[in-house]
Amino acid sequence: MRQTRVAGRYSKALFDLAVETGKVEEVRKDIDLIRSVNHDELNRVLVSPVINGEKKVRIFTGVFSGKVSTLTLNFFNLIFTKGRSDAMKDILESFDEHYRAWKGIDVIELTTAEALTDDVREEMRKRFQDLPQYKGRTVELKEKVDEKIVGGFVAQFDNLLFDASIRHDLQFIKKQFIENMYVHKIR
């Protein structure tokens, strides 16, 4: 179950504290390190409601002590002590959103039928970067591959969806044939 409200509050507190202490980049690296640990058993233990917070603190400290900053370590120990470990993944994601907003980074979700080459990826990023709403900001592409769109791309940004896929064009043509609007003009 997503814990977006709780995650938003905790991540905002961590981000504000990192800004206040001048350790935003350090905490960002810590967050990336924590996210990169891809050990199923560790992840299950840290979010398990059966294991108490004190054990989680000891486990987390044992794994990450010396690898992450004291600020990050104390923050996550607080998360475990308060019983909010089930929101950990959402806290990490929400921290990234605060970080990107602070740095002026906009993420555009780009779906294509095949993986993009480096040249095409850079060209697409530059084209989006040239749009008026992204002047003076940095654009990052989050790529997805979906063979169902046949060709072209689907871009999602700022609560907008731009569908330039072949699938969309085919659906539009199909709709025109079903409506058969040209038959009415002949009669």
# chains A, B, ... in the order shown; residues from 1 in each chain; ligands from 1

call {"tool": "residues_around", "arguments": {"residues": "range 119-136 of chain A", "least_positions_apart": "3", "cutoff": "10 Å", "atoms": "only C-alpha atoms", "output": "list in words"}}
result
Gly104, Ile105, Asp106, Ile108, Leu110, Ala115, Leu116, Val139, Glu140, Leu141, Glu143, Ala155 and Asp158 of chain A

call {"tool": "select_by_dssp", "arguments": {"residues": "range 87-172 of chain A", "states": "alpha helix (DSSP H)", "output": "PyMOL selection string"}}
result
chain A and resi 88-103+118-129+166-172

call {"tool": "write_last_selection", "arguments": {"atoms": "C-alpha atoms", "output": "compact mmCIF listing (two decimals), in the first residue's frame"}}
result
# COMPACT_ATOMS: atom_id res chain seq x y z
CA MET A 88 10.58 3.54 2.93
CA LYS A 89 10.33 3.07 -0.85
CA ASP A 90 7.90 5.99 -1.13
CA ILE A 91 10.19 8.15 1.03
CA LEU A 92 13.10 7.46 -1.32
CA GLU A 93 10.99 8.38 -4.37
CA SER A 94 9.60 11.50 -2.71
CA PHE A 95 13.11 12.63 -1.74
CA ASP A 96 14.08 12.39 -5.42
CA GLU A 97 11.12 14.60 -6.35
CA HIS A 98 12.19 17.25 -3.80
CA TYR A 99 15.77 17.05 -5.07
CA ARG A 100 14.76 17.45 -8.73
CA ALA A 101 12.51 20.42 -7.90
CA TRP A 102 15.35 22.04 -5.95
CA LYS A 103 17.83 21.50 -8.81
CA ASP A 118 22.30 7.52 -27.71
CA ASP A 119 22.01 9.95 -30.64
CA VAL A 120 18.22 9.76 -30.78
CA ARG A 121 17.98 10.02 -26.98
CA GLU A 122 20.09 13.20 -26.97
CA GLU A 123 18.13 14.67 -29.89
CA MET A 124 14.82 14.03 -28.11
CA ARG A 125 16.17 15.56 -24.90
CA LYS A 126 17.34 18.66 -26.79
CA ARG A 127 13.96 19.03 -28.51
CA PHE A 128 12.13 18.92 -25.20
CA GLN A 129 14.74 21.23 -23.67
CA ILE A 166 1.72 4.69 -34.80
CA ARG A 167 -0.83 2.92 -32.58
CA HIS A 168 -2.56 6.26 -31.92
CA ASP A 169 -2.58 7.12 -35.63
CA LEU A 170 -4.04 3.71 -36.50
CA GLN A 171 -6.76 4.10 -33.87
CA PHE A 172 -7.62 7.54 -35.28

call {"tool": "select_by_dssp", "arguments": {"residues": "range 7-152 of chain A", "states": "strand (DSSP E or B)", "output": "PyMOL selection string"}}
result
chain A and resi 65+68+105-112+138-145+152

call {"tool": "write_last_selection", "arguments": {"atoms": "all heavy atoms", "output": "short mmCIF file (atom, residue, chain, number, x, y, z; two decimals), in the first residue's frame"}}
result
data_model
loop_
_atom_site.label_atom_id
_atom_site.label_comp_id
_atom_site.auth_asym_id
_atom_site.auth_seq_id
_atom_site.Cartn_x
_atom_site.Cartn_y
_atom_site.Cartn_z
N SER A 65 26.32 1.47 8.22
CA SER A 65 27.20 2.30 9.05
C SER A 65 28.56 2.45 8.35
O SER A 65 29.15 1.48 7.90
CB SER A 65 27.38 1.66 10.42
OG SER A 65 28.20 2.48 11.22
N VAL A 68 27.03 5.48 4.74
CA VAL A 68 26.15 6.64 4.56
C VAL A 68 26.45 7.65 5.67
O VAL A 68 27.03 7.31 6.70
CB VAL A 68 24.65 6.24 4.58
CG1 VAL A 68 24.32 5.31 3.43
CG2 VAL A 68 24.25 5.62 5.90
N ILE A 105 15.20 20.25 -12.23
CA ILE A 105 15.25 19.13 -13.17
C ILE A 105 13.82 18.65 -13.42
O ILE A 105 13.07 18.38 -12.49
CB ILE A 105 16.09 17.96 -12.59
CG1 ILE A 105 17.52 18.43 -12.35
CG2 ILE A 105 16.05 16.76 -13.52
CD1 ILE A 105 18.37 17.42 -11.59
N ASP A 106 13.45 18.56 -14.69
CA ASP A 106 12.15 18.04 -15.07
C ASP A 106 12.34 16.67 -15.72
O ASP A 106 13.24 16.48 -16.53
CB ASP A 106 11.45 18.97 -16.07
CG ASP A 106 11.00 20.26 -15.42
OD1 ASP A 106 10.28 20.18 -14.41
OD2 ASP A 106 11.36 21.34 -15.91
N VAL A 107 11.48 15.73 -15.37
CA VAL A 107 11.56 14.39 -15.91
C VAL A 107 10.43 14.20 -16.91
O VAL A 107 9.27 14.48 -16.61
CB VAL A 107 11.45 13.32 -14.80
CG1 VAL A 107 11.46 11.93 -15.38
CG2 VAL A 107 12.60 13.49 -13.82
N ILE A 108 10.79 13.74 -18.09
CA ILE A 108 9.81 13.43 -19.13
C ILE A 108 9.84 11.93 -19.34
O ILE A 108 10.89 11.35 -19.60
CB ILE A 108 10.14 14.17 -20.44
CG1 ILE A 108 10.05 15.67 -20.22
CG2 ILE A 108 9.23 13.70 -21.56
CD1 ILE A 108 10.48 16.50 -21.40
N GLU A 109 8.67 11.31 -19.19
CA GLU A 109 8.58 9.87 -19.39
C GLU A 109 8.33 9.62 -20.88
O GLU A 109 7.31 10.04 -21.43
CB GLU A 109 7.44 9.29 -18.56
CG GLU A 109 7.43 7.79 -18.54
CD GLU A 109 6.39 7.24 -17.60
OE1 GLU A 109 6.48 7.53 -16.39
OE2 GLU A 109 5.49 6.54 -18.08
N LEU A 110 9.28 8.96 -21.52
CA LEU A 110 9.24 8.74 -22.95
C LEU A 110 9.09 7.25 -23.23
O LEU A 110 9.94 6.46 -22.84
CB LEU A 110 10.52 9.29 -23.59
CG LEU A 110 10.56 9.37 -25.10
CD1 LEU A 110 9.55 10.40 -25.59
CD2 LEU A 110 11.95 9.74 -25.56
N THR A 111 8.00 6.88 -23.90
CA THR A 111 7.75 5.49 -24.24
C THR A 111 7.95 5.31 -25.74
O THR A 111 7.39 6.08 -26.53
CB THR A 111 6.32 5.08 -23.86
OG1 THR A 111 6.10 5.38 -22.48
CG2 THR A 111 6.07 3.62 -24.11
N THR A 112 8.77 4.35 -26.11
CA THR A 112 9.04 4.06 -27.52
C THR A 112 8.84 2.56 -27.76
O THR A 112 8.79 1.78 -26.83
CB THR A 112 10.49 4.46 -27.90
OG1 THR A 112 11.39 3.79 -27.03
CG2 THR A 112 10.69 5.96 -27.80
N THR A 138 16.70 21.79 -16.52
CA THR A 138 17.34 20.59 -17.05
C THR A 138 16.27 19.54 -17.30
O THR A 138 15.39 19.35 -16.47
CB THR A 138 18.37 20.04 -16.04
OG1 THR A 138 19.30 21.08 -15.73
CG2 THR A 138 19.10 18.85 -16.59
N VAL A 139 16.37 18.88 -18.44
CA VAL A 139 15.41 17.83 -18.79
C VAL A 139 16.09 16.48 -18.73
O VAL A 139 17.17 16.29 -19.28
CB VAL A 139 14.84 18.07 -20.21
CG1 VAL A 139 14.00 16.89 -20.65
CG2 VAL A 139 14.03 19.34 -20.26
N GLU A 140 15.46 15.55 -18.02
CA GLU A 140 15.91 14.16 -17.98
C GLU A 140 14.82 13.30 -18.62
O GLU A 140 13.64 13.54 -18.41
CB GLU A 140 16.13 13.69 -16.54
CG GLU A 140 17.35 14.23 -15.88
CD GLU A 140 17.55 13.68 -14.48
OE1 GLU A 140 16.72 12.85 -14.01
OE2 GLU A 140 18.53 14.08 -13.85
N LEU A 141 15.25 12.30 -19.38
CA LEU A 141 14.30 11.38 -19.98
C LEU A 141 14.26 10.09 -19.18
O LEU A 141 15.30 9.51 -18.86
CB LEU A 141 14.72 11.06 -21.42
CG LEU A 141 14.68 12.20 -22.41
CD1 LEU A 141 15.13 11.72 -23.79
CD2 LEU A 141 13.31 12.82 -22.49
N LYS A 142 13.06 9.67 -18.85
CA LYS A 142 12.84 8.37 -18.22
C LYS A 142 12.23 7.50 -19.30
O LYS A 142 11.11 7.75 -19.74
CB LYS A 142 11.90 8.53 -17.02
CG LYS A 142 11.61 7.25 -16.30
CD LYS A 142 10.68 7.52 -15.13
CE LYS A 142 10.27 6.22 -14.47
NZ LYS A 142 9.26 6.48 -13.43
N GLU A 143 12.98 6.52 -19.73
CA GLU A 143 12.57 5.75 -20.90
C GLU A 143 11.85 4.46 -20.53
O GLU A 143 12.19 3.80 -19.56
CB GLU A 143 13.80 5.40 -21.74
CG GLU A 143 14.51 6.61 -22.28
CD GLU A 143 15.77 6.23 -23.03
OE1 GLU A 143 15.70 5.31 -23.86
OE2 GLU A 143 16.80 6.86 -22.77
N LYS A 144 10.85 4.14 -21.35
CA LYS A 144 10.15 2.86 -21.25
C LYS A 144 10.03 2.31 -22.66
O LYS A 144 9.93 3.07 -23.62
CB LYS A 144 8.75 3.05 -20.67
CG LYS A 144 8.72 3.30 -19.20
CD LYS A 144 7.34 3.48 -18.59
CE LYS A 144 6.17 2.98 -19.36
NZ LYS A 144 4.88 3.23 -18.71
N VAL A 145 10.05 1.01 -22.80
CA VAL A 145 9.86 0.36 -24.09
C VAL A 145 8.54 -0.38 -24.05
O VAL A 145 8.28 -1.16 -23.13
CB VAL A 145 11.03 -0.60 -24.42
CG1 VAL A 145 10.76 -1.35 -25.70
CG2 VAL A 145 12.34 0.16 -24.50
N GLY A 152 7.05 5.40 -33.35
CA GLY A 152 6.85 6.74 -32.81
C GLY A 152 7.16 6.78 -31.33
O GLY A 152 7.97 5.99 -30.84
#

call {"tool": "closest_residue", "arguments": {"among": "A:Gln156, A:Thr70, A:Thr21, A:Ser85", "to": "Leu46 in chain A", "atoms": "only C-alpha atoms"}}
result
A:Ser85

call {"tool": "atom_distance", "arguments": {"atom1": "CA of Glu54 in chain A", "atom2": "CA of Tyr10 in chain A"}}
result
19.0 Å

call {"tool": "closest_residue", "arguments": {"among": "A:Leu71, A:Ala13, A:Ile178, A:Val6", "to": "Glu26 in chain A", "atoms": "only C-alpha atoms"}}
result
A:Leu71

call {"tool": "atom_distance", "arguments": {"atom1": "CA of Phe60 in chain A", "atom2": "CA of Asp86 in chain A"}}
result
14.2 Å

call {"tool": "residues_around", "arguments": {"residues": "Gly62 in chain A", "least_positions_apart": "5", "cutoff": "12 Å", "atoms": "only C-alpha atoms", "output": "PyMOL selection string"}}
result
chain A and resi 42+55-57+67-68+73+77

call {"tool": "residues_around", "arguments": {"residues": "Ala113 in chain A", "least_positions_apart": "2", "cutoff": "6 Å", "atoms": "only C-alpha atoms", "output": "short mmCIF file (atom, residue, chain, number, x, y, z; two decimals) with C-alpha atoms, in the first residue's frame"}}
result
data_model
loop_
_atom_site.label_atom_id
_atom_site.label_comp_id
_atom_site.auth_asym_id
_atom_site.auth_seq_id
_atom_site.Cartn_x
_atom_site.Cartn_y
_atom_site.Cartn_z
CA VAL A 145 9.86 0.36 -24.09
CA ASP A 146 6.39 -0.75 -25.15
CA GLU A 147 6.20 -2.71 -28.41
CA ILE A 149 2.82 1.41 -29.73
CA VAL A 150 4.31 -0.01 -32.99
CA GLY A 151 6.45 3.09 -33.68
#

call {"tool": "atom_distance", "arguments": {"atom1": "CA of Ile51 in chain A", "atom2": "CA of Arg84 in chain A"}}
result
12.2 Å

call {"tool": "decode", "arguments": {"residues": "range 18-134 of chain A", "atoms": "C-alpha atoms", "output": "PDB file, in the first residue's frame"}}
result
ATOM      1  CA  ALA A  18      19.936  18.321   4.318  1.00  0.00           C
ATOM      2  CA  VAL A  19      19.531  21.825   2.844  1.00  0.00           C
ATOM      3  CA  GLU A  20      19.889  23.395   6.282  1.00  0.00           C
ATOM      4  CA  THR A  21      23.120  21.504   6.983  1.00  0.00           C
ATOM      5  CA  GLY A  22      24.461  21.868   3.421  1.00  0.00           C
ATOM      6  CA  LYS A  23      24.547  18.114   2.842  1.00  0.00           C
ATOM      7  CA  VAL A  24      22.018  17.730   0.029  1.00  0.00           C
ATOM      8  CA  GLU A  25      24.401  16.048  -2.413  1.00  0.00           C
ATOM      9  CA  GLU A  26      25.764  13.752   0.308  1.00  0.00           C
ATOM     10  CA  VAL A  27      22.261  12.660   1.339  1.00  0.00           C
ATOM     11  CA  ARG A  28      21.321  12.221  -2.327  1.00  0.00           C
ATOM     12  CA  LYS A  29      24.254   9.827  -2.780  1.00  0.00           C
ATOM     13  CA  ASP A  30      23.197   7.994   0.383  1.00  0.00           C
ATOM     14  CA  ILE A  31      19.658   7.616  -0.958  1.00  0.00           C
ATOM     15  CA  ASP A  32      21.024   6.242  -4.231  1.00  0.00           C
ATOM     16  CA  LEU A  33      23.211   3.781  -2.313  1.00  0.00           C
ATOM     17  CA  ILE A  34      20.292   2.581  -0.181  1.00  0.00           C
ATOM     18  CA  ARG A  35      18.150   2.161  -3.288  1.00  0.00           C
ATOM     19  CA  SER A  36      20.917   0.283  -5.126  1.00  0.00           C
ATOM     20  CA  VAL A  37      21.134  -2.431  -2.466  1.00  0.00           C
ATOM     21  CA  ASN A  38      19.100  -5.053  -4.233  1.00  0.00           C
ATOM     22  CA  HIS A  39      18.980  -7.814  -1.656  1.00  0.00           C
ATOM     23  CA  ASP A  40      15.510  -9.352  -1.402  1.00  0.00           C
ATOM     24  CA  GLU A  41      15.901 -10.668   2.123  1.00  0.00           C
ATOM     25  CA  LEU A  42      17.192  -7.324   3.455  1.00  0.00           C
ATOM     26  CA  ASN A  43      14.356  -5.450   1.754  1.00  0.00           C
ATOM     27  CA  ARG A  44      11.764  -7.843   3.192  1.00  0.00           C
ATOM     28  CA  VAL A  45      13.220  -7.538   6.694  1.00  0.00           C
ATOM     29  CA  LEU A  46      13.290  -3.728   6.599  1.00  0.00           C
ATOM     30  CA  VAL A  47       9.615  -3.389   5.611  1.00  0.00           C
ATOM     31  CA  SER A  48       8.265  -6.355   7.564  1.00  0.00           C
ATOM     32  CA  PRO A  49       5.641  -5.439  10.178  1.00  0.00           C
ATOM     33  CA  VAL A  50       6.587  -8.550  12.173  1.00  0.00           C
ATOM     34  CA  ILE A  51      10.148  -7.436  12.958  1.00  0.00           C
ATOM     35  CA  ASN A  52      10.292  -4.676  15.573  1.00  0.00           C
ATOM     36  CA  GLY A  53      11.893  -1.295  14.965  1.00  0.00           C
ATOM     37  CA  GLU A  54      14.875  -1.858  17.251  1.00  0.00           C
ATOM     38  CA  LYS A  55      15.978  -4.919  15.263  1.00  0.00           C
ATOM     39  CA  LYS A  56      15.557  -2.993  12.025  1.00  0.00           C
ATOM     40  CA  VAL A  57      17.711  -0.172  13.424  1.00  0.00           C
ATOM     41  CA  ARG A  58      20.462  -2.669  14.323  1.00  0.00           C
ATOM     42  CA  ILE A  59      20.273  -4.339  10.899  1.00  0.00           C
ATOM     43  CA  PHE A  60      20.233  -1.051   8.992  1.00  0.00           C
ATOM     44  CA  THR A  61      23.095   0.334  11.076  1.00  0.00           C
ATOM     45  CA  GLY A  62      25.085  -2.869  10.595  1.00  0.00           C
ATOM     46  CA  VAL A  63      24.678  -2.763   6.830  1.00  0.00           C
ATOM     47  CA  PHE A  64      25.049   0.969   6.176  1.00  0.00           C
ATOM     48  CA  SER A  65      27.199   2.298   9.045  1.00  0.00           C
ATOM     49  CA  GLY A  66      30.294   3.949   7.570  1.00  0.00           C
ATOM     50  CA  LYS A  67      28.763   3.905   4.092  1.00  0.00           C
ATOM     51  CA  VAL A  68      26.153   6.642   4.565  1.00  0.00           C
ATOM     52  CA  SER A  69      26.282   9.917   6.444  1.00  0.00           C
ATOM     53  CA  THR A  70      25.263  10.201  10.075  1.00  0.00           C
ATOM     54  CA  LEU A  71      22.320  12.369   9.054  1.00  0.00           C
ATOM     55  CA  THR A  72      20.953   9.672   6.731  1.00  0.00           C
ATOM     56  CA  LEU A  73      21.632   6.890   9.211  1.00  0.00           C
ATOM     57  CA  ASN A  74      19.856   8.733  12.046  1.00  0.00           C
ATOM     58  CA  PHE A  75      16.939   9.620   9.793  1.00  0.00           C
ATOM     59  CA  PHE A  76      16.279   6.029   8.754  1.00  0.00           C
ATOM     60  CA  ASN A  77      16.764   4.839  12.324  1.00  0.00           C
ATOM     61  CA  LEU A  78      13.969   7.264  13.248  1.00  0.00           C
ATOM     62  CA  ILE A  79      11.821   5.820  10.434  1.00  0.00           C
ATOM     63  CA  PHE A  80      12.265   2.316  11.872  1.00  0.00           C
ATOM     64  CA  THR A  81      11.711   3.426  15.462  1.00  0.00           C
ATOM     65  CA  LYS A  82       8.470   5.217  14.538  1.00  0.00           C
ATOM     66  CA  GLY A  83       7.187   2.152  12.662  1.00  0.00           C
ATOM     67  CA  ARG A  84       7.169   3.841   9.256  1.00  0.00           C
ATOM     68  CA  SER A  85       9.428   1.377   7.459  1.00  0.00           C
ATOM     69  CA  ASP A  86       6.585   0.341   5.150  1.00  0.00           C
ATOM     70  CA  ALA A  87       6.831   3.821   3.582  1.00  0.00           C
ATOM     71  CA  MET A  88      10.576   3.536   2.929  1.00  0.00           C
ATOM     72  CA  LYS A  89      10.334   3.070  -0.845  1.00  0.00           C
ATOM     73  CA  ASP A  90       7.905   5.989  -1.131  1.00  0.00           C
ATOM     74  CA  ILE A  91      10.191   8.151   1.028  1.00  0.00           C
ATOM     75  CA  LEU A  92      13.104   7.464  -1.324  1.00  0.00           C
ATOM     76  CA  GLU A  93      10.986   8.382  -4.365  1.00  0.00           C
ATOM     77  CA  SER A  94       9.605  11.497  -2.708  1.00  0.00           C
ATOM     78  CA  PHE A  95      13.109  12.633  -1.736  1.00  0.00           C
ATOM     79  CA  ASP A  96      14.082  12.392  -5.417  1.00  0.00           C
ATOM     80  CA  GLU A  97      11.119  14.603  -6.346  1.00  0.00           C
ATOM     81  CA  HIS A  98      12.191  17.249  -3.805  1.00  0.00           C
ATOM     82  CA  TYR A  99      15.766  17.054  -5.072  1.00  0.00           C
ATOM     83  CA  ARG A 100      14.757  17.451  -8.730  1.00  0.00           C
ATOM     84  CA  ALA A 101      12.509  20.418  -7.903  1.00  0.00           C
ATOM     85  CA  TRP A 102      15.350  22.040  -5.947  1.00  0.00           C
ATOM     86  CA  LYS A 103      17.834  21.505  -8.809  1.00  0.00           C
ATOM     87  CA  GLY A 104      15.366  22.556 -11.548  1.00  0.00           C
ATOM     88  CA  ILE A 105      15.245  19.129 -13.165  1.00  0.00           C
ATOM     89  CA  ASP A 106      12.148  18.039 -15.071  1.00  0.00           C
ATOM     90  CA  VAL A 107      11.556  14.386 -15.912  1.00  0.00           C
ATOM     91  CA  ILE A 108       9.808  13.433 -19.129  1.00  0.00           C
ATOM     92  CA  GLU A 109       8.577   9.870 -19.394  1.00  0.00           C
ATOM     93  CA  LEU A 110       9.237   8.744 -22.954  1.00  0.00           C
ATOM     94  CA  THR A 111       7.751   5.492 -24.242  1.00  0.00           C
ATOM     95  CA  THR A 112       9.036   4.060 -27.517  1.00  0.00           C
ATOM     96  CA  ALA A 113       8.567   0.788 -29.399  1.00  0.00           C
ATOM     97  CA  GLU A 114      12.324   0.066 -29.275  1.00  0.00           C
ATOM     98  CA  ALA A 115      15.171   1.196 -27.052  1.00  0.00           C
ATOM     99  CA  LEU A 116      16.600   4.545 -28.158  1.00  0.00           C
ATOM    100  CA  THR A 117      20.109   4.949 -29.454  1.00  0.00           C
ATOM    101  CA  ASP A 118      22.304   7.517 -27.713  1.00  0.00           C
ATOM    102  CA  ASP A 119      22.013   9.949 -30.642  1.00  0.00           C
ATOM    103  CA  VAL A 120      18.215   9.758 -30.779  1.00  0.00           C
ATOM    104  CA  ARG A 121      17.976  10.022 -26.985  1.00  0.00           C
ATOM    105  CA  GLU A 122      20.092  13.197 -26.975  1.00  0.00           C
ATOM    106  CA  GLU A 123      18.134  14.673 -29.893  1.00  0.00           C
ATOM    107  CA  MET A 124      14.821  14.028 -28.112  1.00  0.00           C
ATOM    108  CA  ARG A 125      16.172  15.562 -24.896  1.00  0.00           C
ATOM    109  CA  LYS A 126      17.339  18.657 -26.787  1.00  0.00           C
ATOM    110  CA  ARG A 127      13.964  19.026 -28.512  1.00  0.00           C
ATOM    111  CA  PHE A 128      12.132  18.918 -25.198  1.00  0.00           C
ATOM    112  CA  GLN A 129      14.742  21.231 -23.668  1.00  0.00           C
ATOM    113  CA  ASP A 130      13.936  23.805 -26.378  1.00  0.00           C
ATOM    114  CA  LEU A 131      10.255  23.974 -25.393  1.00  0.00           C
ATOM    115  CA  PRO A 132       9.386  27.290 -23.691  1.00  0.00           C
ATOM    116  CA  GLN A 133       8.350  25.716 -20.361  1.00  0.00           C
ATOM    117  CA  TYR A 134      11.804  24.111 -19.978  1.00  0.00           C
TER     118      TYR A 134
END
